[in-house]
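Q: start-v8.tsv is reproduced below (TSV, C-alpha atoms).
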chain	number	residue	atom	x	y	z
A	15	MET	CA	-16.02	-25.52	-31.00
A	16	SER	CA	-14.54	-24.25	-27.76
A	17	ALA	CA	-13.61	-26.59	-24.93
A	18	ILE	CA	-16.08	-27.05	-22.10
A	19	ARG	CA	-14.56	-26.51	-18.66
A	20	ILE	CA	-16.11	-28.04	-15.56
A	21	PRO	CA	-16.86	-25.26	-13.00
A	22	ILE	CA	-15.54	-27.20	-10.00
A	23	VAL	CA	-12.18	-27.65	-11.73
A	24	GLU	CA	-12.06	-23.93	-12.48
A	25	LYS	CA	-12.72	-23.13	-8.81
A	26	ILE	CA	-9.99	-25.49	-7.62
A	27	LEU	CA	-7.42	-24.02	-10.01
A	28	SER	CA	-8.50	-20.46	-9.24
A	29	ALA	CA	-8.13	-21.01	-5.49
A	30	ASN	CA	-4.75	-22.65	-6.07
A	31	ASP	CA	-3.56	-19.74	-8.20
A	32	GLN	CA	-4.55	-17.24	-5.50
A	33	LEU	CA	-2.52	-19.04	-2.87
A	34	ALA	CA	0.35	-19.50	-5.34
A	35	SER	CA	0.45	-15.72	-5.69
A	36	GLN	CA	0.73	-15.44	-1.91
A	37	ASN	CA	3.57	-17.97	-1.88
A	38	ARG	CA	5.34	-16.02	-4.59
A	39	ALA	CA	4.94	-12.71	-2.74
A	40	LEU	CA	6.32	-14.20	0.48
A	41	LEU	CA	9.36	-15.68	-1.24
A	42	VAL	CA	10.05	-12.42	-3.09
A	43	SER	CA	9.82	-10.49	0.19
A	44	LYS	CA	12.49	-12.81	1.60
A	45	ASN	CA	14.70	-12.50	-1.51
A	46	ILE	CA	14.38	-16.22	-2.19
A	47	PHE	CA	14.58	-17.48	-5.76
A	48	SER	CA	12.43	-20.58	-6.21
A	49	ILE	CA	12.14	-23.42	-8.70
A	50	ASN	CA	9.55	-26.15	-9.17
A	51	ILE	CA	11.26	-29.32	-10.44
A	52	MET	CA	9.00	-31.80	-12.21
A	53	ALA	CA	9.73	-35.15	-13.84
A	54	SER	CA	8.48	-38.67	-14.26
A	55	PRO	CA	9.51	-41.26	-11.64
A	56	GLY	CA	13.11	-42.35	-12.11
A	57	ALA	CA	14.21	-39.38	-14.20
A	58	GLY	CA	16.74	-38.40	-11.56
A	59	LYS	CA	15.15	-35.49	-9.69
A	60	THR	CA	16.77	-36.14	-6.33
A	61	SER	CA	20.18	-36.90	-7.83
A	62	PHE	CA	19.98	-33.69	-9.83
A	63	ILE	CA	19.02	-31.68	-6.76
A	64	LEU	CA	21.92	-33.18	-4.80
A	65	GLU	CA	24.34	-32.27	-7.61
A	66	THR	CA	22.93	-28.75	-7.59
A	67	ILE	CA	23.38	-28.45	-3.84
A	68	LYS	CA	26.92	-29.83	-4.02
A	69	GLY	CA	27.87	-27.34	-6.71
A	70	LEU	CA	26.35	-24.31	-4.99
A	71	LYS	CA	26.81	-25.04	-1.27
A	72	ASP	CA	29.75	-22.62	-0.95
A	73	ARG	CA	27.85	-19.86	-2.74
A	74	LEU	CA	24.16	-20.24	-1.91
A	75	GLN	CA	22.08	-21.51	0.96
A	76	VAL	CA	19.48	-23.91	-0.40
A	77	GLY	CA	16.20	-25.07	1.13
A	78	VAL	CA	14.25	-28.01	-0.31
A	79	ILE	CA	10.63	-29.10	-0.21
A	80	GLU	CA	10.20	-32.77	-1.10
A	81	GLY	CA	6.83	-34.00	-2.39
A	82	ASP	CA	5.96	-37.68	-2.20
A	83	THR	CA	2.82	-39.77	-2.35
A	84	ALA	CA	3.98	-41.95	0.54
A	85	ALA	CA	4.89	-41.13	4.13
A	86	VAL	CA	8.61	-41.72	3.68
A	87	THR	CA	11.52	-39.34	4.21
A	88	ILE	CA	14.14	-41.05	2.05
A	89	ASP	CA	14.69	-38.11	-0.32
A	90	ALA	CA	14.40	-35.45	2.40
A	91	ASP	CA	16.96	-37.34	4.50
A	92	LYS	CA	19.40	-37.24	1.57
A	93	ILE	CA	19.04	-33.45	1.42
A	94	THR	CA	19.57	-32.94	5.15
A	95	ASP	CA	22.55	-35.28	5.02
A	96	ALA	CA	23.96	-32.91	2.39
A	97	GLY	CA	23.72	-30.09	4.94
A	98	MET	CA	20.63	-28.23	3.71
A	99	PRO	CA	17.22	-27.83	5.38
A	100	ALA	CA	14.45	-29.94	3.88
A	101	VAL	CA	10.74	-30.46	4.47
A	102	GLN	CA	8.93	-33.62	3.41
A	103	ILE	CA	5.32	-33.29	2.20
A	104	ASN	CA	3.18	-36.40	2.04
A	105	THR	CA	0.44	-35.74	-0.53
A	106	GLY	CA	-1.68	-38.60	0.79
A	107	GLY	CA	-1.71	-40.26	-2.61
A	108	ASP	CA	-2.28	-37.14	-4.71
A	109	CYS	CA	-0.21	-37.14	-7.88
A	110	HIS	CA	1.07	-33.57	-7.51
A	111	LEU	CA	1.90	-30.81	-5.08
A	112	ASP	CA	-0.40	-27.80	-4.90
A	113	ALA	CA	0.02	-24.29	-3.53
A	114	VAL	CA	-1.64	-25.17	-0.20
A	115	MET	CA	0.83	-27.99	0.47
A	116	VAL	CA	3.77	-25.82	-0.54
A	117	ALA	CA	2.61	-22.97	1.71
A	118	GLY	CA	2.75	-25.37	4.64
A	119	GLY	CA	6.22	-26.49	3.65
A	120	ILE	CA	7.49	-22.94	3.23
A	121	ASN	CA	6.38	-22.07	6.75
A	122	GLN	CA	8.57	-24.86	8.14
A	123	LEU	CA	11.76	-23.63	6.48
A	124	PRO	CA	14.21	-21.05	7.91
A	125	LEU	CA	13.36	-18.46	5.27
A	126	ASP	CA	15.79	-15.86	6.63
A	127	ASP	CA	18.67	-18.29	6.15
A	128	ILE	CA	18.11	-19.44	2.54
A	129	ASN	CA	18.24	-17.70	-0.82
A	130	LEU	CA	17.28	-20.58	-3.11
A	131	LEU	CA	14.24	-22.82	-2.67
A	132	ILE	CA	14.01	-26.03	-4.67
A	133	ILE	CA	10.68	-27.85	-4.74
A	134	GLU	CA	10.80	-31.47	-5.88
A	135	ASN	CA	7.33	-32.22	-7.18
A	136	VAL	CA	5.74	-35.67	-7.24
A	137	GLY	CA	6.97	-37.86	-10.08
A	138	ASN	CA	4.32	-37.35	-12.76
A	139	LEU	CA	4.13	-35.74	-16.22
A	140	VAL	CA	0.41	-34.89	-16.15
A	141	CYS	CA	-1.01	-33.44	-12.93
A	142	PRO	CA	1.87	-31.14	-11.84
A	143	ALA	CA	1.56	-29.17	-15.08
A	144	ALA	CA	-1.80	-27.71	-14.02
A	145	PHE	CA	-0.86	-26.42	-10.56
A	146	ASP	CA	1.13	-23.23	-10.03
A	147	LEU	CA	3.09	-23.41	-6.76
A	148	GLY	CA	4.26	-19.81	-6.67
A	149	THR	CA	7.82	-20.41	-7.86
A	150	ASP	CA	9.90	-18.17	-10.09
A	151	ILE	CA	10.52	-20.87	-12.68
A	152	LYS	CA	9.39	-24.37	-13.61
A	153	VAL	CA	12.01	-26.96	-14.52
A	154	LEU	CA	11.34	-30.29	-16.18
A	155	ILE	CA	13.83	-33.15	-15.99
A	156	ALA	CA	13.56	-35.57	-18.88
A	157	SER	CA	15.92	-38.52	-19.17
A	158	VAL	CA	17.37	-40.49	-22.05
A	159	PRO	CA	15.95	-43.87	-20.87
A	160	GLU	CA	12.40	-42.46	-20.95
A	161	GLY	CA	12.58	-42.20	-24.72
A	162	ASP	CA	12.50	-39.42	-27.27
A	163	ASP	CA	8.72	-39.26	-27.67
A	164	LYS	CA	7.78	-37.66	-24.34
A	165	PRO	CA	7.21	-34.12	-25.75
A	166	TYR	CA	4.66	-35.58	-28.15
A	167	LYS	CA	2.89	-37.62	-25.46
A	168	TYR	CA	2.89	-34.98	-22.69
A	169	PRO	CA	2.68	-31.61	-24.46
A	170	ALA	CA	1.13	-29.67	-21.56
A	171	ILE	CA	4.09	-30.00	-19.23
A	172	TYR	CA	6.63	-29.23	-21.96
A	173	ARG	CA	4.65	-26.19	-23.05
A	174	GLY	CA	4.59	-24.65	-19.57
A	175	ILE	CA	8.21	-24.94	-18.43
A	176	ASP	CA	11.04	-22.41	-18.33
A	177	VAL	CA	13.98	-24.82	-18.34
A	178	LEU	CA	14.47	-28.36	-19.63
A	179	ILE	CA	17.09	-30.70	-18.20
A	180	LEU	CA	17.87	-33.74	-20.34
A	181	ASN	CA	19.41	-36.11	-17.82
A	182	LYS	CA	21.42	-39.36	-18.05
A	183	MET	CA	23.32	-38.31	-21.16
A	184	ASP	CA	25.94	-40.93	-20.25
A	185	LEU	CA	23.44	-43.60	-21.37
A	186	MET	CA	23.04	-42.16	-24.87
A	187	PRO	CA	25.41	-44.74	-26.50
A	188	TYR	CA	23.36	-47.61	-25.10
A	189	ILE	CA	19.77	-46.48	-25.70
A	190	LYS	CA	17.90	-45.77	-28.90
A	191	PHE	CA	17.24	-42.07	-28.43
A	192	ARG	CA	16.89	-39.66	-31.34
A	193	PRO	CA	18.05	-36.22	-30.15
A	194	GLU	CA	16.77	-34.46	-33.27
A	195	TYR	CA	13.29	-35.96	-32.92
A	196	PHE	CA	13.17	-35.10	-29.23
A	197	THR	CA	14.35	-31.53	-29.83
A	198	GLN	CA	11.88	-31.04	-32.68
A	199	GLY	CA	9.02	-31.99	-30.36
A	200	VAL	CA	10.25	-29.64	-27.65
A	201	GLN	CA	10.71	-26.71	-30.03
A	202	MET	CA	7.23	-27.11	-31.50
A	203	LEU	CA	5.77	-26.69	-28.02
A	204	ASN	CA	8.22	-24.26	-26.46
A	205	PRO	CA	10.41	-22.46	-29.02
A	206	GLY	CA	13.78	-21.31	-27.72
A	207	LEU	CA	13.46	-23.21	-24.45
A	208	THR	CA	16.60	-23.10	-22.31
A	209	THR	CA	17.93	-26.67	-22.25
A	210	PHE	CA	20.80	-28.35	-20.43
A	211	PRO	CA	21.89	-31.89	-21.41
A	212	VAL	CA	23.45	-33.32	-18.25
A	213	SER	CA	24.64	-36.45	-16.49
A	214	CYS	CA	24.57	-36.65	-12.71
A	215	THR	CA	26.89	-39.67	-13.01
A	216	THR	CA	29.70	-38.07	-15.01
A	217	GLY	CA	29.00	-34.40	-14.23
A	218	GLU	CA	28.48	-33.54	-17.90
A	219	GLY	CA	26.59	-30.27	-18.32
A	220	ILE	CA	26.19	-29.62	-14.58
A	221	PRO	CA	28.56	-26.59	-14.46
A	222	GLY	CA	26.56	-24.85	-17.20
A	223	TRP	CA	23.34	-25.38	-15.27
A	224	LEU	CA	24.90	-24.14	-12.02
A	225	ASN	CA	26.27	-20.99	-13.64
A	226	TRP	CA	22.89	-20.25	-15.23
A	227	LEU	CA	21.00	-20.84	-11.99
A	228	GLU	CA	23.36	-18.77	-9.85
A	229	SER	CA	23.08	-15.94	-12.35
A	230	ARG	CA	19.28	-16.06	-12.12
A	231	VAL	CA	19.44	-16.03	-8.32
A	232	GLN	CA	21.72	-13.02	-8.32
A	233	ASP	CA	19.61	-11.18	-10.91
A	234	SER	CA	16.50	-11.69	-8.78
A	235	LYS	CA	18.10	-9.67	-5.99
A	236	LYS	CA	18.64	-6.56	-8.10
The structure in this file should be written as structure tokens.
A:
Amino acid sequence: MSAIRIPIVEKILSANDQLASQNRALLVSKNIFSINIMASPGAGKTSFILETIKGLKDRLQVGVIEGDTAAVTIDADKITDAGMPAVQINTGGDCHLDAVMVAGGINQLPLDDINLLIIENVGNLVCPAAFDLGTDIKVLIASVPEGDDKPYKYPAIYRGIDVLILNKMDLMPYIKFRPEYFTQGVQMLNPGLTTFPVSCTTGEGIPGWLNWLESRVQDSKK
């Protein structure tokens, strides 16, 4: 038996995909490589973005769009304090960013002055998986304290990503986390997925991620 899809949901996703295509075309025309970073709350999205900015600030100009359910600018302020332009989007309680929100954020950034756009999605492992924002790649940050069963509980988001970051590796000795079980779940959903085990506290794995990302940015300009 095939799944029954509700027409109104199809229309919403179709309209979102159309605008996502427009976002993608605009960013490509400006030679901007873009990534959509997703994670659950507390996985370390902002810390990871700050480490990425710190490692690339002498080589790339980064712009950031911050998504949040509340009207606060805490994370965006951290980005601007690091010397990069940032736009805060208040979703008004929605559990994800969509292409319309991102289009508004893009228009507030100095597109001629950046070559890497990082979008920090709302902390959630369900809703963001369904909405294309128009980015080149989708990145998921998982973290050791969340547990090793997340690929089994949230298959949709693991199935649709291009890169997986396993954060807070420095806590591995203190938390019951089975790497083999976690990896098995990931590989069943997304075989051969590019994965970087990292720690924003110790710096473990960050150079490998930075080298990979810079290479992708440079390749996108060819």
Q: Considering only C-alpha atoms, can you say which of A:Met186, A:Val158, A:Val78, A:Cys109 comes closest to Gln122 (chain A)?
A: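 With only C-alpha atoms as the atom set, the closest residue is A:Val78.
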Q: List the spatial neighbours of region 125-138 of chain A as a count of residues only - criterion: any atom at most 9 Å away, all atoms listed in the file, same-chain residues fewer than 2 positions off excluded.
A: 45
Q: When you draw a straight line from CA of Val177 (chain A) to CA of Val153 (chain A), how long is it in Å?
A: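 Between CA of Val177 (chain A) and CA of Val153 (chain A) the gap is 4.8 Å.
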Q: Can you report as AutoDock Vina command-line options the centre and edge lengths in Å, to one decimal, of an axis-aligned box around the listed atoms of region 122-126 of chain A padded with 6 Å on each side?
A:
--center_x 12.2 --center_y -20.4 --center_z 6.7 --size_x 19.2 --size_y 21.0 --size_z 14.9
Q: List as number ranges by chain the protein and nucleic acid residues near region 216-227 of chain A, meaning an atom at most 10 Å away when all atoms listed in the file are counted, but skip any in the same chain fewer than 5 places from it.
A: A: 47, 49, 62, 65-67, 69-70, 130, 177, 179-184, 208-211, 232-233
Q: I'd like the neighbourhood of Ser35 (chain A) as an MDAnalysis selection string, where a residue qualifies if any of its atoms comes within 10 Å (using all atoms listed in the file), though same-chain residues fewer than 2 positions away should be ignored.
A: chainID A and resid 30:33 37:41 113 146:149
Q: May I have the residues from that selection written out with C-alpha atoms, as a PDB file, in the frame of the given file?
A:
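File selection23.pdb, as written:
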ATOM      1  CA  ASN A  30      -4.750 -22.650  -6.070  1.00  0.00           C
ATOM      2  CA  ASP A  31      -3.560 -19.740  -8.200  1.00  0.00           C
ATOM      3  CA  GLN A  32      -4.550 -17.240  -5.500  1.00  0.00           C
ATOM      4  CA  LEU A  33      -2.520 -19.040  -2.870  1.00  0.00           C
ATOM      5  CA  ASN A  37       3.570 -17.970  -1.880  1.00  0.00           C
ATOM      6  CA  ARG A  38       5.340 -16.020  -4.590  1.00  0.00           C
ATOM      7  CA  ALA A  39       4.940 -12.710  -2.740  1.00  0.00           C
ATOM      8  CA  LEU A  40       6.320 -14.200   0.480  1.00  0.00           C
ATOM      9  CA  LEU A  41       9.360 -15.680  -1.240  1.00  0.00           C
ATOM     10  CA  ALA A 113       0.020 -24.290  -3.530  1.00  0.00           C
ATOM     11  CA  ASP A 146       1.130 -23.230 -10.030  1.00  0.00           C
ATOM     12  CA  LEU A 147       3.090 -23.410  -6.760  1.00  0.00           C
ATOM     13  CA  GLY A 148       4.260 -19.810  -6.670  1.00  0.00           C
ATOM     14  CA  THR A 149       7.820 -20.410  -7.860  1.00  0.00           C
TER      15      THR A 149
END
Q: Nearest to Ile189 (chain A) among A:Ser157, A:Pro169, A:Gln201, A:Ala90, with distances taken over only C-alpha atoms: which residue is it?
A: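 Looking only at the distances to Ile189 (chain A), the closest residue turns out to be A:Ser157.
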Q: Report the distance between CA of Phe196 (chain A) and CA of Pro165 (chain A) in Å, rounded to one decimal place.
A: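 These atoms are spaced 7.0 Å apart.
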Q: May I ask for the distance between CA of Lys68 (chain A) and CA of Ser229 (chain A), given in Å to one decimal place?
A: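 Pair CA of Lys68 (chain A) / CA of Ser229 (chain A) returns 16.6 Å.
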Q: So, counting all atoms listed in the file, which residue among A:Gly97, A:Pro205, A:Gly58, A:Pro193 is closest to Gly161 (chain A)?
A: A:Pro193
Q: Given the choices A:Met98, A:Phe191, A:Ala84, A:Leu139, which gets closest to Pro124 (chain A) if the distance is worked out from only C-alpha atoms?
A: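 Ranking A:Met98, A:Phe191, A:Ala84, A:Leu139 by distance to Pro124 (chain A), first place goes to A:Met98.
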